[in-house]
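S.K.: Next comes upload19.txt, compact mmCIF, C-alpha atoms:
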# COMPACT_ATOMS: atom_id res chain seq x y z
CA MET A 1069 -3.10 -23.99 16.66
CA ALA A 1070 -6.58 -22.54 16.57
CA THR A 1071 -7.15 -18.94 17.63
CA ARG A 1072 -9.47 -18.84 20.64
CA GLY A 1073 -12.99 -17.87 19.63
CA PHE A 1074 -12.33 -17.49 15.90
CA PHE A 1075 -14.65 -19.21 13.45
CA GLY A 1076 -14.42 -16.93 10.42
CA LYS A 1077 -16.76 -15.91 7.64
CA ARG A 1078 -16.27 -18.63 5.07
CA PRO A 1079 -16.33 -18.10 1.37
CA THR A 1080 -18.63 -20.49 -0.49
CA GLU A 1081 -17.11 -23.73 -1.72
CA ILE A 1082 -16.97 -22.39 -5.27
CA GLU A 1083 -15.31 -19.18 -4.13
CA ALA A 1084 -12.92 -21.08 -1.91
CA GLY A 1085 -11.66 -23.10 -4.87
CA ARG A 1086 -10.78 -19.90 -6.71
CA LEU A 1087 -9.19 -18.14 -3.73
CA PRO A 1088 -5.46 -18.67 -3.22
CA PRO A 1089 -4.35 -19.31 0.40
CA GLY A 1090 -4.68 -16.34 2.74
CA GLN A 1091 -6.85 -14.34 0.32
CA TYR A 1092 -10.41 -13.06 0.76
CA LEU A 1093 -12.91 -12.05 -1.88
CA THR A 1094 -13.82 -8.41 -2.43
CA GLU A 1095 -16.38 -6.83 -4.71
CA ASP A 1096 -14.60 -3.46 -4.56
CA PHE A 1097 -11.52 -2.60 -6.52
CA PRO A 1098 -9.06 -1.30 -3.91
CA VAL A 1099 -6.22 0.97 -5.00
CA LEU A 1100 -2.65 0.67 -3.76
CA SER A 1101 0.36 2.67 -4.80
CA ALA A 1102 3.55 3.97 -3.26
CA GLY A 1103 3.08 7.60 -4.24
CA PRO A 1104 0.68 10.10 -5.76
CA THR A 1105 -1.17 9.13 -8.93
CA PRO A 1106 0.78 10.34 -11.96
CA ARG A 1107 -1.35 12.03 -14.63
CA VAL A 1108 -0.03 10.90 -17.98
CA ASP A 1109 -1.18 12.88 -21.01
CA LEU A 1110 -1.95 10.69 -24.00
CA ASP A 1111 0.08 12.95 -26.30
CA LYS A 1112 3.12 12.41 -24.07
CA TRP A 1113 2.49 8.69 -23.60
CA SER A 1114 4.82 6.16 -25.15
CA PHE A 1115 5.68 2.53 -24.69
CA THR A 1116 9.18 1.19 -25.35
CA LEU A 1117 10.63 -2.29 -25.64
CA LYS A 1118 14.26 -2.46 -24.56
CA ASP A 1119 16.94 -5.11 -24.85
CA GLY A 1120 19.15 -4.12 -21.94
CA VAL A 1121 19.70 -0.39 -22.37
CA ARG A 1122 18.97 -0.47 -26.11
CA PRO A 1123 15.47 0.51 -27.27
CA VAL A 1124 14.25 -1.92 -29.94
CA ALA A 1125 10.73 -0.61 -30.55
CA LYS A 1126 8.61 2.32 -29.44
CA TRP A 1127 4.94 3.25 -29.86
CA THR A 1128 3.05 6.49 -29.34
CA TRP A 1129 -0.50 6.25 -27.98
CA ASP A 1130 -2.00 6.51 -31.48
CA GLU A 1131 0.36 3.87 -32.82
CA PHE A 1132 -0.38 1.59 -29.87
CA GLN A 1133 -4.13 1.85 -30.52
CA LYS A 1134 -3.55 0.32 -33.97
CA LEU A 1135 -2.11 -2.89 -32.48
CA PRO A 1136 -4.55 -5.80 -32.16
CA HIS A 1137 -6.61 -5.42 -28.99
CA VAL A 1138 -8.09 -8.44 -27.24
CA LYS A 1139 -10.17 -9.06 -24.12
CA LEU A 1140 -8.89 -10.92 -21.09
CA THR A 1141 -11.15 -11.71 -18.10
CA ARG A 1142 -9.30 -13.06 -15.09
CA ASP A 1143 -9.29 -13.31 -11.30
CA ILE A 1144 -6.71 -11.03 -9.67
CA HIS A 1145 -4.97 -11.37 -6.32
CA CYS A 1146 -3.34 -8.57 -4.32
CA VAL A 1147 -0.59 -9.32 -1.81
CA THR A 1148 -2.55 -7.22 0.73
CA LYS A 1149 -4.98 -10.20 0.80
CA TRP A 1150 -7.90 -9.19 -1.39
CA SER A 1151 -8.85 -11.06 -4.53
CA LYS A 1152 -11.34 -9.97 -7.15
CA PHE A 1153 -12.97 -12.39 -9.59
CA ASN A 1154 -13.76 -11.90 -13.29
CA THR A 1155 -11.98 -8.61 -13.86
CA ALA A 1156 -12.51 -7.72 -17.52
CA TRP A 1157 -9.63 -6.05 -19.33
CA SER A 1158 -8.72 -5.31 -22.88
CA GLY A 1159 -5.39 -4.41 -24.36
CA VAL A 1160 -2.52 -5.74 -26.41
CA MET A 1161 -1.03 -9.14 -25.65
CA ILE A 1162 2.73 -9.12 -25.03
CA ASP A 1163 2.96 -11.83 -27.74
CA ASP A 1164 1.48 -9.38 -30.25
CA ILE A 1165 3.78 -6.57 -29.11
CA LEU A 1166 6.81 -8.79 -29.72
CA ALA A 1167 5.43 -9.91 -33.08
CA GLU A 1168 4.78 -6.30 -34.07
CA ALA A 1169 8.35 -5.39 -33.07
CA GLY A 1170 9.56 -8.35 -35.12
CA ILE A 1171 11.62 -9.86 -32.33
CA GLU A 1172 11.74 -12.91 -30.15
CA ALA A 1173 12.21 -12.15 -26.46
CA PRO A 1174 16.02 -11.90 -26.17
CA THR A 1175 16.37 -12.90 -22.50
CA GLY A 1176 14.49 -14.85 -19.87
CA PHE A 1177 13.97 -11.88 -17.55
CA THR A 1178 11.97 -8.70 -17.89
CA LEU A 1179 11.76 -5.54 -15.85
CA ALA A 1180 8.60 -3.44 -16.25
CA HIS A 1181 9.06 0.34 -15.93
CA SER A 1182 6.43 2.95 -15.13
CA PHE A 1183 6.06 6.69 -15.61
CA ASP A 1184 6.45 7.29 -11.86
CA GLY A 1185 9.73 5.38 -11.61
CA TYR A 1186 8.13 2.17 -10.36
CA THR A 1187 9.68 -1.09 -11.52
CA THR A 1188 8.82 -4.77 -11.12
CA ASN A 1189 10.43 -7.93 -12.45
CA VAL A 1190 8.62 -10.76 -14.21
CA PRO A 1191 10.18 -13.78 -15.94
CA THR A 1192 9.71 -13.43 -19.69
CA ALA A 1193 7.98 -16.82 -19.79
CA ASP A 1194 5.20 -15.36 -17.62
CA LEU A 1195 4.57 -12.55 -20.11
CA VAL A 1196 4.30 -14.58 -23.32
CA GLY A 1197 2.14 -17.51 -24.41
CA GLY A 1198 -1.12 -15.64 -23.90
CA LYS A 1199 -0.46 -14.93 -20.23
CA ALA A 1200 -0.07 -11.15 -20.10
CA MET A 1201 -1.03 -7.90 -21.82
CA ILE A 1202 -0.61 -4.17 -21.76
CA ALA A 1203 -4.16 -3.29 -20.72
CA THR A 1204 -5.77 -0.02 -21.78
CA ALA A 1205 -9.38 -0.64 -20.76
CA TYR A 1206 -11.16 -2.08 -17.73
CA ASP A 1207 -14.83 -3.05 -17.80
CA GLY A 1208 -15.17 -1.49 -21.24
CA GLN A 1209 -13.85 1.93 -20.21
CA PRO A 1210 -10.39 3.52 -20.36
CA ILE A 1211 -8.45 2.58 -17.21
CA THR A 1212 -8.73 5.41 -14.68
CA ALA A 1213 -5.50 7.05 -13.50
CA ASP A 1214 -5.71 5.60 -9.99
CA HIS A 1215 -5.95 2.09 -11.45
CA GLY A 1216 -2.94 2.66 -13.68
CA GLY A 1217 -4.31 4.36 -16.78
CA PRO A 1218 -3.64 5.13 -19.56
CA ALA A 1219 -2.02 1.68 -19.64
CA ARG A 1220 -0.89 -0.92 -17.17
CA LEU A 1221 0.75 -4.29 -17.33
CA LEU A 1222 -1.62 -7.18 -16.61
CA VAL A 1223 -0.05 -10.42 -15.36
CA PRO A 1224 -3.08 -11.83 -13.58
CA HIS A 1225 -1.55 -15.14 -12.45
CA LEU A 1226 0.98 -13.34 -10.22
CA TYR A 1227 0.30 -11.06 -7.22
CA PHE A 1228 -1.01 -7.80 -8.56
CA TRP A 1229 2.00 -5.63 -7.66
CA LYS A 1230 3.61 -7.32 -10.69
CA SER A 1231 0.94 -5.74 -12.92
CA ALA A 1232 2.74 -2.39 -13.05
CA LYS A 1233 0.50 0.69 -13.33
CA TRP A 1234 1.37 3.58 -15.68
CA ILE A 1235 3.68 1.30 -17.67
CA ASN A 1236 6.00 2.90 -20.19
CA ALA A 1237 8.57 0.19 -20.95
CA LEU A 1238 9.39 -3.48 -20.83
CA GLN A 1239 13.11 -4.10 -20.55
CA PHE A 1240 14.65 -7.48 -21.20
CA THR A 1241 17.49 -8.03 -18.74
CA ALA A 1242 20.35 -10.49 -18.62
CA ARG A 1243 19.70 -11.30 -14.94
CA ASP A 1244 16.59 -11.37 -12.76
CA GLU A 1245 16.74 -7.81 -11.41
CA ALA A 1246 14.62 -6.92 -8.38
CA GLY A 1247 12.08 -4.12 -8.85
CA PHE A 1248 10.68 -1.56 -6.41
CA TRP A 1249 8.83 -3.84 -3.97
CA GLU A 1250 11.14 -6.79 -4.59
CA LEU A 1251 13.99 -4.63 -3.22
CA ARG A 1252 11.83 -3.96 -0.16
CA GLY A 1253 11.21 -7.50 0.96
CA TYR A 1254 8.57 -8.74 -1.46
CA HIS A 1255 8.96 -11.98 -3.36
CA MET A 1256 10.93 -12.10 -6.63
CA TYR A 1257 8.26 -14.23 -8.36
CA GLY A 1258 4.99 -13.76 -6.44
CA ASP A 1259 2.81 -16.82 -7.20
CA PRO A 1260 -0.43 -16.41 -5.17
CA TRP A 1261 -1.10 -20.18 -5.23
CA ARG A 1262 2.23 -20.82 -3.50
CA GLU A 1263 1.66 -17.76 -1.28
CA GLN A 1264 4.93 -16.16 -2.34
CA ARG A 1265 4.32 -12.82 -0.66
CA PHE A 1266 7.68 -12.02 0.86
CA THR A 1267 11.35 -12.93 0.47
CA GLY A 1268 11.82 -16.54 1.48
CA ASP A 1269 8.12 -17.52 1.21
CA MET B 275 7.90 14.23 -12.74
CA THR B 276 10.63 13.13 -10.36
CA SER B 277 10.29 9.53 -9.49
CA LEU B 278 10.04 7.07 -6.67
CA GLU B 279 13.32 6.56 -4.90
CA PRO B 280 15.07 3.47 -6.22
CA ALA B 281 17.14 2.74 -3.13
CA ALA B 282 16.20 -0.07 -0.80
CA GLU B 283 16.59 0.66 2.85
CA LEU B 284 15.89 -2.66 4.46
CA ALA B 285 17.65 -5.94 3.91
CA PRO B 286 14.98 -8.47 3.04
CA HIS B 287 14.81 -11.44 5.35
CA ARG B 288 12.47 -14.34 5.77
CA LEU B 289 9.34 -13.53 7.77
CA VAL B 290 8.12 -16.33 10.00
CA TRP B 291 4.78 -16.69 11.76
CA GLN B 292 4.99 -16.37 15.51
CA GLN B 293 2.69 -16.17 18.50
CA ALA B 294 2.08 -12.84 20.20
CA ARG B 295 0.41 -12.35 23.60
CA VAL B 296 -2.23 -9.64 23.96
CA GLU B 297 -1.00 -7.49 26.85
CA ALA B 298 -3.46 -4.61 26.84
CA ILE B 299 -6.60 -3.45 25.05
CA HIS B 300 -7.89 0.13 25.01
CA ALA B 301 -11.01 1.61 23.44
CA GLU B 302 -9.61 4.64 21.58
CA THR B 303 -12.83 5.75 19.87
CA PRO B 304 -16.29 4.20 19.47
CA GLU B 305 -14.96 2.28 16.46
CA VAL B 306 -11.25 1.84 17.17
CA LYS B 307 -9.52 -0.29 19.77
CA SER B 308 -5.78 -0.52 20.33
CA PHE B 309 -4.07 -3.80 21.14
CA VAL B 310 -0.61 -4.08 22.68
CA LEU B 311 0.98 -7.32 21.52
CA ARG B 312 4.15 -9.04 22.72
CA PRO B 313 5.49 -11.36 20.01
CA ALA B 314 7.55 -14.33 21.15
CA ASN B 315 10.57 -13.33 19.11
CA TRP B 316 10.46 -9.69 18.04
CA THR B 317 13.50 -7.99 16.62
CA GLY B 318 11.99 -4.55 16.10
CA PHE B 319 10.66 -2.60 13.17
CA THR B 320 10.77 0.79 11.47
CA ALA B 321 8.07 3.40 12.09
CA GLY B 322 5.35 3.14 9.45
CA GLN B 323 5.55 -0.62 8.93
CA HIS B 324 2.75 -3.15 9.34
CA VAL B 325 2.29 -6.76 10.38
CA ASP B 326 0.22 -9.57 8.97
CA ILE B 327 -2.23 -11.23 11.37
CA ARG B 328 -3.38 -14.82 10.83
CA LEU B 329 -6.39 -16.29 12.63
CA THR B 330 -7.11 -20.01 12.58
CA ALA B 331 -10.54 -21.61 13.11
CA PRO B 332 -10.87 -25.01 14.86
CA ASP B 333 -11.17 -26.79 11.48
CA GLY B 334 -8.02 -25.17 10.12
CA TYR B 335 -9.68 -22.39 8.10
CA GLN B 336 -7.48 -19.29 8.22
CA ALA B 337 -7.95 -15.57 7.58
CA GLN B 338 -5.14 -13.05 7.17
CA ARG B 339 -5.14 -9.27 7.30
CA SER B 340 -2.52 -6.52 7.44
CA TYR B 341 -2.51 -3.92 10.23
CA SER B 342 -0.25 -0.92 10.64
CA ILE B 343 1.76 -0.51 13.83
CA ALA B 344 0.87 2.58 15.89
CA SER B 345 3.66 2.39 18.45
CA ALA B 346 7.23 3.63 18.07
CA PRO B 347 9.99 1.05 17.68
CA ASP B 348 11.17 1.32 21.27
CA ASP B 349 12.82 -1.25 23.55
CA SER B 350 9.60 -2.60 25.00
CA GLY B 351 9.48 -5.74 22.86
CA THR B 352 5.84 -4.93 22.14
CA LEU B 353 3.90 -3.37 19.33
CA GLU B 354 0.56 -1.61 19.35
CA LEU B 355 -2.08 -2.03 16.66
CA ALA B 356 -5.12 0.22 16.36
CA ILE B 357 -7.94 -1.62 14.64
CA GLU B 358 -11.14 -0.08 13.31
CA ALA B 359 -14.22 -2.30 13.47
CA LEU B 360 -15.55 -2.72 9.95
CA PRO B 361 -19.25 -3.67 10.07
CA ASP B 362 -19.04 -6.50 7.54
CA GLY B 363 -15.48 -7.46 8.37
CA GLU B 364 -14.21 -10.90 9.25
CA VAL B 365 -11.14 -10.08 11.32
CA SER B 366 -11.75 -6.61 12.81
CA PRO B 367 -15.04 -7.58 14.54
CA PHE B 368 -13.21 -10.57 16.02
CA PHE B 369 -10.62 -8.24 17.52
CA HIS B 370 -13.31 -5.94 18.88
CA ASP B 371 -15.75 -8.52 20.21
CA VAL B 372 -13.70 -11.58 21.13
CA VAL B 373 -10.04 -10.84 21.83
CA GLU B 374 -9.10 -10.45 25.49
CA VAL B 375 -5.92 -9.70 27.37
CA GLY B 376 -3.92 -12.90 27.66
CA ASP B 377 -5.03 -14.30 24.30
CA THR B 378 -2.48 -15.43 21.76
CA ILE B 379 -2.56 -14.07 18.21
CA GLU B 380 -0.41 -15.24 15.31
CA LEU B 381 1.49 -12.61 13.35
CA ARG B 382 4.49 -12.04 11.13
CA GLY B 383 6.42 -8.97 10.18
CA PRO B 384 7.48 -6.28 10.14
CA ILE B 385 6.46 -5.61 6.52
CA GLY B 386 6.85 -2.60 4.25
CA GLY B 387 9.95 -0.77 3.10
CA HIS B 388 8.60 2.46 1.62
CA PHE B 389 5.98 4.07 3.87
CA ILE B 390 8.56 4.21 6.66
CA TRP B 391 10.53 6.84 8.51
CA ASN B 392 13.63 6.82 10.65
CA ALA B 393 15.79 9.69 11.90
CA PRO B 394 18.40 9.48 9.09
CA LEU B 395 15.61 10.28 6.59
CA GLY B 396 15.28 13.65 8.35
CA GLY B 397 12.62 16.31 7.90
CA PRO B 398 10.69 18.55 8.08
CA LEU B 399 7.84 16.06 7.98
CA LEU B 400 4.30 16.56 6.77
CA LEU B 401 1.95 13.76 7.82
CA VAL B 402 -1.58 13.68 6.43
CA GLY B 403 -4.01 11.09 7.77
CA GLY B 404 -7.67 10.33 7.20
CA GLY B 405 -9.56 8.21 9.73
CA SER B 406 -7.63 5.11 10.70
CA GLY B 407 -4.96 6.22 8.24
CA LEU B 408 -3.55 7.97 11.28
CA VAL B 409 -2.12 4.72 12.62
CA PRO B 410 1.23 4.44 10.77
CA LEU B 411 1.64 8.23 11.04
CA MET B 412 1.31 7.89 14.82
CA SER B 413 4.23 5.48 14.82
CA ILE B 414 6.29 8.01 12.85
CA LEU B 415 5.28 10.89 15.17
CA ARG B 416 6.09 8.91 18.28
CA GLN B 417 9.43 7.80 16.87
CA ARG B 418 10.34 11.36 15.92
CA ALA B 419 9.46 12.57 19.43
CA ARG B 420 11.63 9.80 20.86
CA VAL B 421 14.76 10.11 18.74
CA ALA B 422 14.67 13.41 16.85
CA PRO B 423 12.30 15.92 18.48
CA GLU B 424 14.21 18.76 16.82
CA ILE B 425 12.82 17.72 13.42
CA PRO B 426 9.76 19.86 12.64
CA ALA B 427 6.63 17.82 12.01
CA THR B 428 3.08 18.76 11.10
CA LEU B 429 0.15 16.36 11.26
CA VAL B 430 -3.00 17.09 9.28
CA TYR B 431 -5.61 14.70 10.60
CA SER B 432 -9.11 14.39 9.18
CA ALA B 433 -11.85 12.49 10.97
CA ARG B 434 -15.59 12.58 10.99
CA ARG B 435 -16.14 13.84 14.53
CA TYR B 436 -14.16 14.92 17.57
CA ASP B 437 -14.82 11.59 19.26
CA ASP B 438 -13.49 9.71 16.21
CA LEU B 439 -9.98 11.15 16.66
CA ILE B 440 -7.73 8.21 17.49
CA PHE B 441 -5.11 8.97 20.17
CA ARG B 442 -6.76 12.38 20.56
CA ASP B 443 -5.55 13.17 24.07
CA GLU B 444 -1.97 12.22 23.23
CA LEU B 445 -2.02 14.31 20.05
CA LEU B 446 -3.39 17.37 21.86
CA ARG B 447 -0.82 16.94 24.62
CA ARG B 448 1.99 16.69 22.08
CA ARG B 449 0.68 19.79 20.32
CA ASP B 450 0.72 21.71 23.61
CA THR B 451 4.13 20.52 24.81
CA ASP B 452 6.24 19.90 21.69
CA PRO B 453 7.44 23.19 20.15
CA ASN B 454 8.38 21.50 16.87
CA PHE B 455 5.07 19.72 16.36
CA ARG B 456 2.03 21.32 14.75
CA LEU B 457 -1.40 19.72 14.60
CA GLU B 458 -4.18 20.60 12.15
CA ILE B 459 -7.42 18.76 12.76
CA ALA B 460 -10.21 18.73 10.18
CA LEU B 461 -13.62 17.37 11.21
CA THR B 462 -15.89 16.55 8.30
CA ARG B 463 -19.19 15.90 10.08
CA GLU B 464 -19.12 18.11 13.13
CA GLN B 465 -19.03 21.86 13.48
CA ALA B 466 -15.70 23.38 14.32
CA ARG B 467 -14.48 23.67 17.85
CA ASP B 468 -11.78 26.08 18.90
CA GLY B 469 -8.89 25.80 16.53
CA LEU B 470 -10.33 22.87 14.59
CA HIS B 471 -11.11 23.08 10.90
CA PHE B 472 -14.62 22.15 9.76
CA GLY B 473 -14.83 20.31 6.46
CA ARG B 474 -12.52 18.33 4.27
CA ILE B 475 -8.86 19.20 3.89
CA ASP B 476 -8.62 22.00 1.32
CA ALA B 477 -5.95 24.08 -0.36
CA ALA B 478 -5.90 26.69 2.39
CA LEU B 479 -5.44 24.08 5.10
CA MET B 480 -2.73 22.37 3.06
CA ALA B 481 -0.94 25.69 2.56
CA ARG B 482 -1.11 26.40 6.28
CA ALA B 483 0.20 22.92 7.07
CA ILE B 484 3.13 23.32 4.69
CA GLY B 485 3.90 26.75 6.13
CA THR B 486 7.14 28.44 5.23
CA GLU B 487 9.44 25.45 5.40
CA THR B 488 8.83 22.96 2.59
CA PRO B 489 8.59 19.43 3.97
CA LYS B 490 11.38 17.11 2.93
CA LEU B 491 9.01 14.16 3.15
CA THR B 492 5.23 13.91 3.10
CA TYR B 493 3.37 10.80 4.21
CA ILE B 494 -0.31 10.45 3.32
CA CYS B 495 -2.45 7.56 4.57
CA GLY B 496 -6.16 6.88 4.42
CA SER B 497 -8.84 5.63 2.07
CA ASN B 498 -8.11 5.88 -1.65
CA PRO B 499 -10.35 8.95 -2.21
CA PHE B 500 -8.75 10.66 0.78
CA VAL B 501 -5.21 9.91 -0.41
CA GLU B 502 -6.05 10.98 -3.97
CA ALA B 503 -7.44 14.30 -2.72
CA ALA B 504 -4.63 14.98 -0.24
CA ALA B 505 -1.88 14.02 -2.69
CA SER B 506 -3.42 16.27 -5.35
CA LEU B 507 -3.49 19.17 -2.88
CA ALA B 508 0.12 18.49 -1.89
CA LEU B 509 1.22 18.43 -5.54
CA ALA B 510 -0.79 21.57 -6.31
CA ALA B 511 0.93 23.28 -3.37
CA GLY B 512 4.25 22.59 -5.08
CA LEU B 513 5.56 19.64 -3.13
CA PRO B 514 7.77 17.42 -5.34
CA PHE B 515 6.16 14.19 -6.59
CA GLY B 516 9.07 12.11 -5.31
CA SER B 517 8.80 13.53 -1.77
CA ILE B 518 5.28 12.19 -1.26
CA ARG B 519 4.73 8.66 0.00
CA THR B 520 1.27 7.18 0.15
CA GLU B 521 -0.49 4.25 1.72
CA ARG B 522 -4.09 3.45 0.88
CA TYR B 523 -6.33 1.04 2.66
CA GLY B 524 -9.63 -0.37 1.57
CA GLY B 525 -11.29 -3.40 0.20
Please express the file's structure as structure tokens.
M.R.:
Amino acid sequence: MATRGFFGKRPTEIEAGRLPPGQYLTEDFPVLSAGPTPRVDLDKWSFTLKDGVRPVAKWTWDEFQKLPHVKLTRDIHCVTKWSKFNTAWSGVMIDDILAEAGIEAPTGFTLAHSFDGYTTNVPTADLVGGKAMIATAYDGQPITADHGGPARLLVPHLYFWKSAKWINALQFTARDEAGFWELRGYHMYGDPWREQRFTGD
Amino acid sequence: MTSLEPAAELAPHRLVWQQARVEAIHAETPEVKSFVLRPANWTGFTAGQHVDIRLTAPDGYQAQRSYSIASAPDDSGTLELAIEALPDGEVSPFFHDVVEVGDTIELRGPIGGHFIWNAPLGGPLLLVGGGSGLVPLMSILRQRARVAPEIPATLVYSARRYDDLIFRDELLRRRDTDPNFRLEIALTREQARDGLHFGRIDAALMARAIGTETPKLTYICGSNPFVEAAASLALAAGLPFGSIRTERYGG
């Protein structure tokens, strides 16, 4: 049923084809987070791969810089309705992190952990095969703290709450374990093209 | 750094779109109007939550936005939104220029399980709002006054000018009549009036707002620069990282 008197400000046809349902295009880069911005010193930074509770590989910031860095430019979509096109990141692909650790992903589910205690779950298949990275730069500059720096997960094909800011670990889990927002009513998978915003969508 | 609380407080359930009737509209400030909506099937919410609004054009084109609820979760079966008109917006100008009492608006919710407060969470509470970031804090304040007025609460509210203060008369009345509620107003673009701070929120104002009893929970809502500044002041004043909840709007 149409809303009386509403006609809308349409995106162009080209934009519309790149916008998932219910999203609008922004030129800004809005910031969302559940708490204050943690300030993570690079000399205290580390990134750990875990199989369940067992750490299987760990990098300091200097060690992480030596991993192969690549560029990834993608559209991103926030569950709060904004989308931003052509965001330019660089970082280390999850495929390369696994290769460097010398392991195959041991389970089909992954929980990302952050320095502030934030967590979010992503199926392992959505992190490998060139789909996701640990990003350390945005638009050619180090990622600012409010956007998740020093390093954040980037899983651009899922709603952006899955791209955990201030990441410090990826944990392979036996089951699909809900993270911070997933426990609070947000969707376990979060595909923008299927508009999976909330539980049951 | 202590961390975000892991515990979930709300059982997730499926959110369905429903029609809501516009029952009242009030101009709160030159740029903010409040809308009292009565959804067809509303089972309540928790103070601090928001709803998604979906507007549909005659050809089926749709636009969605999120708006925080300003009212307390009372028994009225209604909810109040306070919407700021954004000059280049798509949805907020529609609310300001087109929507009338009796119209039907589609919404779903309530949404949000972190920037929320209910009496079991306790206090003292420190609420820090910038501009329309007041809205979810108003819901929390009203709910506290309704169900737990003994819990001390302080609101630090920053706006550009005196006439930009949303729900100003109600806030001043609560300040004058509620012995457990303190109000600190900071106006950034207008010289101070009696008892009002001129300028941005600073360390001295934050210290005064915190007072002698450390807040158990602090809620900060506003634009990203506002929230960054206020959260930094709160951390610098010694409030624990894990006691501070933020909500940022923008984009």
S.K.: Do a neighbour search on Leu513 in chain B at 10 Å with all atoms listed in the file, toss out local chain neighbours closer than 5 positions, and write the hits as a list in words.
M.R.: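 Listing them by chain and then by number gives Ile484, Thr488, Pro489, Lys490, Leu491, Thr492, Ala505, Ser506, Leu507, Ala508 and Ile518 of chain B.
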S.K.: Please, which residues of chain A lie no more than 7 Å from chain B when the count uses only C-alpha atoms, and can they be set out as a count of residues only?
M.R.: 31
S.K.: Please report the interatomic distance between CA of Asp468 in chain B and CA of Arg420 in chain B in Å with one decimal.
M.R.: 28.6 Å
S.K.: Arg482 in chain B: which residues within 12 Å, counting only C-alpha atoms, same-chain residues fewer than 3 positions away excluded, as number ranges by chain?
M.R.: B: 400, 428-430, 456-459, 471, 475-479, 485-488, 507-508, 511
S.K.: Let me make sure I understand: among B:Phe455, B:Phe472, B:Phe500, B:Phe319, which one has the smallest atom-to-atom distance to Tyr436 in chain B if we use all atoms listed in the file?
M.R.: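 The answer is B:Phe472, which sits nearest to Tyr436 in chain B.
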S.K.: What is the CA of Lys1233 in chain A to CA of Leu1135 in chain A distance in Å?
M.R.: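 Interatomic distance here is 19.7 Å.
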S.K.: Tell me, in Å to one decimal, how far CA of Gly1216 in chain A is from CA of Pro1136 in chain A.
M.R.: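 Computed distance, CA of Gly1216 in chain A to CA of Pro1136 in chain A, equals 20.4 Å.
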S.K.: Using the file's own x, y and z axes, so that the box edges lie along x, y and z, what centre and edge lengths in Å (one decimal) does a box around every listed atom of range 390-402 of chain B get when 4 Å is added on each side? Give it as AutoDock Vina command-line options.
M.R.:
--center_x 8.4 --center_y 11.4 --center_z 9.2 --size_x 28.0 --size_y 22.3 --size_z 13.5
S.K.: For Thr1175 in chain A, please output as a PyMOL selection string all residues within 8 Å (counting all atoms listed in the file; exclusion window: fewer than 2 positions along the same chain).
M.R.: chain A and resi 1173+1177-1178+1192+1240-1242
